[in-house]
Amino acid sequence: MSSYFRSLFQRDQWHHHHPTSSNSVINVDHAFCSETTLSQLVDFSYTQKVHLEPHTVCDLIVVADYYGFESIVELATAYIIDQLTIKSCIQLWRFADNFNLLKLEEVAFDYILRHFAQVYEENDEFVNLDEHRFNRIIISEWLNADDKEMNEASVKWQQKHRHKKEPTIEETMKKLRLTDDISSKYEKTPKININLLKQRITRRLCQASGDNLINQYTQRYPREVLLAIGGWHQGSPTNHIEIFDLRSQKWSVITHLPEFVSETPRAYHSIVYADSYLYFVGGYDGTNYYDKVRRYHMITRKWEDCSRMYKKRCYVSAAYMDGSIFACGGLDGQNRLKCAERYSIKTNSWDQLPDMLQPRSDASCTAYQGGIYMCGGFSGESCLLSVECYKPTALVTGWINVTPMLSPRSGVVTVVNHGRLWALGGFNGVDRLKSTEYFDGEKWNTGPNMIRERSNFAGQTLNGKIVVCGGYNNNGTMKCVESLSFKRDGSILSWNEEDTMNISRSALTSVVLSTLPKERLAALLPPRQHKSCSYYPSLRSMINQERSLDQGEASV
């Protein structure tokens with residue numbers, strides 16, 4: 001089971017030893033490996049079972065790693081990863097880094113980057129990070145923070161470390177040489193930690209040139225992105241796809257990527273994202289009303305057809321909850337539908353749900369508080385303000401009316417944010433609306449007006465903000481985008497303009513991709529611009545530059 005003991009026991013001295021020979025005894029250092037830990041390893045070797053507990057798992061993983069019990073290291077790593085929290089992540093990162101547990105170190109570090117805003121506010125260990133680790137976080141292009149958060153965190157950390165003087169190059173050189181007498185006997189040349197030296201010099205250069213410490217670094221990647229897919233453009237459906245990056249605050253077109261370029265145009269459709277798949281539900285391609293459902297796997301980049309719905313549904317609304325997709329209402333080409341159906345992802349099959357109380361097309365449904373809430377829409381005669389809810393687990397299955405909205409809304413967008421269900425914009429039968437309202441589980445409350453009125457647009461919660469894009473108003477289809485931000489505690493701020501999309505569209509869908517691996521995100525986004533003060537200039541150029549700075553010459 002253990003590569004360490006395997007190679008040890010294969011040595012000659014273990015085969016031909018004399019009973020009194022001391023060669024056949026290993027002393028395990030008690031300080032390093034306790035009796036309990038050792039017996040866990042022995043038990044595991046015979047049973048393949050190990051019992052992991054929070055207070056012993058760190059001892060176990062270090063010893064297992066040292067003695068080469070690969071499978072225990074894997075099990076313990078997975079166990080610790082499950083225990084990662086805002087409060088524990090820095091200590092676990094430090095632990096993994098110190099003991100060279102590579103997988104754990106990588107995951108813990110990524111956890112810190114992803115939850116950075118919470119970590120620097122709520123984790124007391126943050127200010128105690130040493131300079132090297134603090135820098136590793138701050139310069140990462142995957143750090144999930146905006147400039148404001150980054151500056152706040154840096155100020156907080158620097159206040160704690162202000163009294164520490166930046167060592168001179170000479171001091172750094174001295175410190176990095178192994179002062180240990182033993183090592184200097186054997187080593188003619190002093191050992192220098194080049195990376196640490198590079199960091200020090202780079203920082204001093206950037207400070208010398210008066211740069212803000214942070215701005216010299218890389219542009220950051222977002223950890224979640226928004227796709228705006230399909231819609232109605234210049235009189236017909238389109239297969240146009242754009243991606244919005246919250247860090248660069250820019251839209252870029254990705255329709256031309258090989259996996260998207262041949263996809264059918266659609267509008268008035270619905271898209272659901274679940275387990276790395278995008279599910280395209282219903283809609284209209286300019287000729288056909290769709291009962292078709294297709295799915296696209298974001299990581300393998302493969303398309304496949306799913307089972308068809310019972311009904312063709314244009315102006316459909318769909319939502320995901322607990323492994324199922326609910327497709328509600330719409331228009332089948334002739335009739336406004338009051339029927340709804342549920343798709344089980346596991347079995348790739350649709351089953352019919354009880355009818356809604358009201359035919360609805362162009363409504364919007366969302367999973368909220370364990371139910372599917374269907375808001376507004378058009379009945380065939382009028383724009384609706386009623387809201388109905390279906391709870392799969394309720395004793396009496398069926399749709400029930402809940403508190404109606406304050407305004408009729410067809411072509412409305414609903415999103416959940418900070419525990420509230422929002423209904424945004426839409427058409428009330430006379431005007432396109434810029435008004436918004438939110439439901440707190442009991443009643444509807446007026447929210448802040450959007451900057452522009454719009455209906456048949458798209459909206460999602462992205463990184464805590466509500467982002468709405470495109471749509472239709474009295475001047476036609478729109479490409480403008482706006483976002484509503486919130487304070488940490490959920491209190492509501494106001495709408496702001498964002499970068500506009502590249503083409504105007506209404507009847508589009510937007511979807512947030514939040515769980516993609518970094519490589520896949522990077523492939524979808526434009527390459528990052530690295531700033532001019534690159535992080536590792538060549539060593540020679542730095543040392544020359546240091547010299548010229550010391551001698552007061554202008555650096556070339």
# chains A, B, ... in the order shown; residues from 1 in each chain; ligands from 1
$ select_by_dssp --residues "stretch 379-546 of chain A" --states "strand (DSSP E or B)" --output "ChimeraX atom specification"
/A:383,387-390,399-402,410,413-417,420-424,427,432,436-439,444-447,455,458-462,465-469,472-473,476-478,481-486,492-498,505-506,509-513
$ residues_around --residues "A:Tyr268" --least-positions-apart "3" --cutoff "9 Å" --atoms "only C-alpha atoms" --output "PyMOL selection string"
chain A and resi 230-232+237+282-285+313-317+362+456+506-509
$ residues_around --residues "A:Ser361" --least-positions-apart "2" --cutoff "10 Å" --atoms "only C-alpha atoms" --output "list in words"
Tyr268, Arg313, Cys314, Tyr315, Val316, Ser317, Cys328, Gly329, Gly330, Leu331, Asp332, Asn335, Arg336, Leu337, Lys338, Gln358, Pro359, Ala363, Ser364, Gly376, Gly377, Phe378, Ser379, Gly380, Cys383, Ser410 and Gly411 of chain A
$ write_last_selection --atoms "C-alpha atoms" --output "compact mmCIF listing (two decimals), in the first residue's frame"
# COMPACT_ATOMS: atom_id res chain seq x y z
CA TYR A 268 -39.19 33.64 -28.07
CA ARG A 313 -44.28 26.36 -27.44
CA CYS A 314 -43.33 29.82 -28.66
CA TYR A 315 -43.31 32.65 -26.03
CA VAL A 316 -42.57 29.84 -23.57
CA SER A 317 -41.07 30.27 -20.13
CA CYS A 328 -45.02 26.63 -18.96
CA GLY A 329 -47.53 28.25 -21.27
CA GLY A 330 -46.71 29.81 -24.61
CA LEU A 331 -48.33 29.76 -28.04
CA ASP A 332 -48.49 26.57 -30.17
CA ASN A 335 -53.67 28.86 -29.15
CA ARG A 336 -52.38 30.46 -25.99
CA LEU A 337 -51.59 27.53 -23.72
CA LYS A 338 -52.56 26.92 -20.12
CA GLN A 358 -55.08 30.77 -16.93
CA PRO A 359 -53.65 30.55 -20.47
CA ALA A 363 -45.16 35.20 -19.11
CA SER A 364 -42.09 34.49 -17.00
CA GLY A 376 -48.01 37.84 -15.85
CA GLY A 377 -48.10 37.18 -19.58
CA PHE A 378 -50.82 37.54 -22.20
CA SER A 379 -54.05 35.50 -22.03
CA GLY A 380 -55.09 36.06 -25.66
CA CYS A 383 -52.06 41.48 -20.26
CA SER A 410 -46.54 40.71 -20.56
CA GLY A 411 -43.05 40.19 -22.02
$ closest_residue --among "A:Thr403, A:Arg220, A:Pro392, A:Ala267" --to "A:His240" --atoms "only C-alpha atoms"
A:Ala267
$ residues_around --residues "A:Gly323" --least-positions-apart "5" --cutoff "9 Å" --atoms "only C-alpha atoms" --output "VMD selection string"
chain A and resid 274 343 to 346
$ residues_around --residues "stretch 347-350 of chain A" --least-positions-apart "4" --cutoff "10 Å" --atoms "only C-alpha atoms" --output "compact mmCIF listing (two decimals) with N, CA and C atoms, in the first residue's frame"
# COMPACT_ATOMS: atom_id res chain seq x y z
N ASP A 305 -29.94 16.16 -29.17
CA ASP A 305 -31.37 16.39 -29.07
C ASP A 305 -31.91 15.71 -27.83
N CYS A 306 -32.85 16.36 -27.16
CA CYS A 306 -33.55 15.75 -26.03
C CYS A 306 -34.93 15.33 -26.53
N SER A 307 -35.68 14.63 -25.66
CA SER A 307 -37.07 14.30 -26.01
C SER A 307 -37.84 15.58 -26.31
N ARG A 308 -38.80 15.46 -27.22
CA ARG A 308 -39.62 16.62 -27.56
C ARG A 308 -40.69 16.84 -26.50
N MET A 309 -41.16 18.08 -26.44
CA MET A 309 -42.26 18.39 -25.53
C MET A 309 -43.58 17.86 -26.11
N TYR A 310 -44.60 17.80 -25.27
CA TYR A 310 -45.93 17.43 -25.75
C TYR A 310 -46.48 18.49 -26.69
N SER A 324 -35.23 18.95 -12.54
CA SER A 324 -36.26 18.99 -13.59
C SER A 324 -36.33 20.36 -14.23
N ILE A 325 -36.81 20.38 -15.48
CA ILE A 325 -37.07 21.64 -16.16
C ILE A 325 -38.58 21.75 -16.35
N PHE A 326 -39.13 22.88 -15.96
CA PHE A 326 -40.57 23.12 -16.09
C PHE A 326 -40.77 24.07 -17.27
N ALA A 327 -41.60 23.67 -18.24
CA ALA A 327 -41.89 24.53 -19.39
C ALA A 327 -43.37 24.88 -19.32
N GLU A 341 -45.55 21.43 -18.59
CA GLU A 341 -44.98 20.09 -18.54
C GLU A 341 -43.61 20.12 -17.86
N ARG A 342 -43.18 18.94 -17.41
CA ARG A 342 -41.93 18.85 -16.66
C ARG A 342 -41.01 17.84 -17.32
N TYR A 343 -39.75 18.22 -17.50
CA TYR A 343 -38.75 17.35 -18.12
C TYR A 343 -37.84 16.82 -17.02
$ residues_around --residues "A:Ser248" --least-positions-apart "3" --cutoff "9 Å" --atoms "only C-alpha atoms" --output "JSON, numbers by chain"
{"A": [219, 220, 221, 222, 244, 245, 251]}
$ residues_around --residues "stretch 145-160 of chain A" --least-positions-apart "2" --cutoff "9 Å" --atoms "only C-alpha atoms" --output "JSON, numbers by chain"
{"A": [113, 114, 115, 116, 117, 120, 121, 126, 127, 128, 129, 134, 138, 142, 143, 162, 163, 164, 214, 220, 222, 246, 247]}
$ closest_residue --among "A:Tyr67, A:Phe439, A:Tyr472, A:Phe99" --to "A:Glu453" --atoms "only C-alpha atoms"
A:Tyr472
$ atom_distance --atom1 "atom CA of A:Trp444" --atom2 "atom CA of A:Gly459"
18.8 Å
$ closest_residue --among "A:Tyr290, A:Gln249, A:Glu388, A:Asn401" --to "A:Glu482" --atoms "only C-alpha atoms"
A:Gln249
$ closest_residue --among "A:Met478, A:Ala319, A:Cys469, A:Ala76" --to "A:Val281" --atoms "only C-alpha atoms"
A:Ala319
$ closest_residue --among "A:Cys365, A:Leu406, A:Ile241, A:Met501" --to "A:Glu259" --atoms "only C-alpha atoms"
A:Ile241
$ atom_distance --atom1 "atom CA of A:Arg488" --atom2 "atom CA of A:His418"
9.4 Å
$ closest_residue --among "A:Ile80, A:Ser510, A:Tyr277, A:Gly447" --to "A:Ser494" --atoms "only C-alpha atoms"
A:Gly447
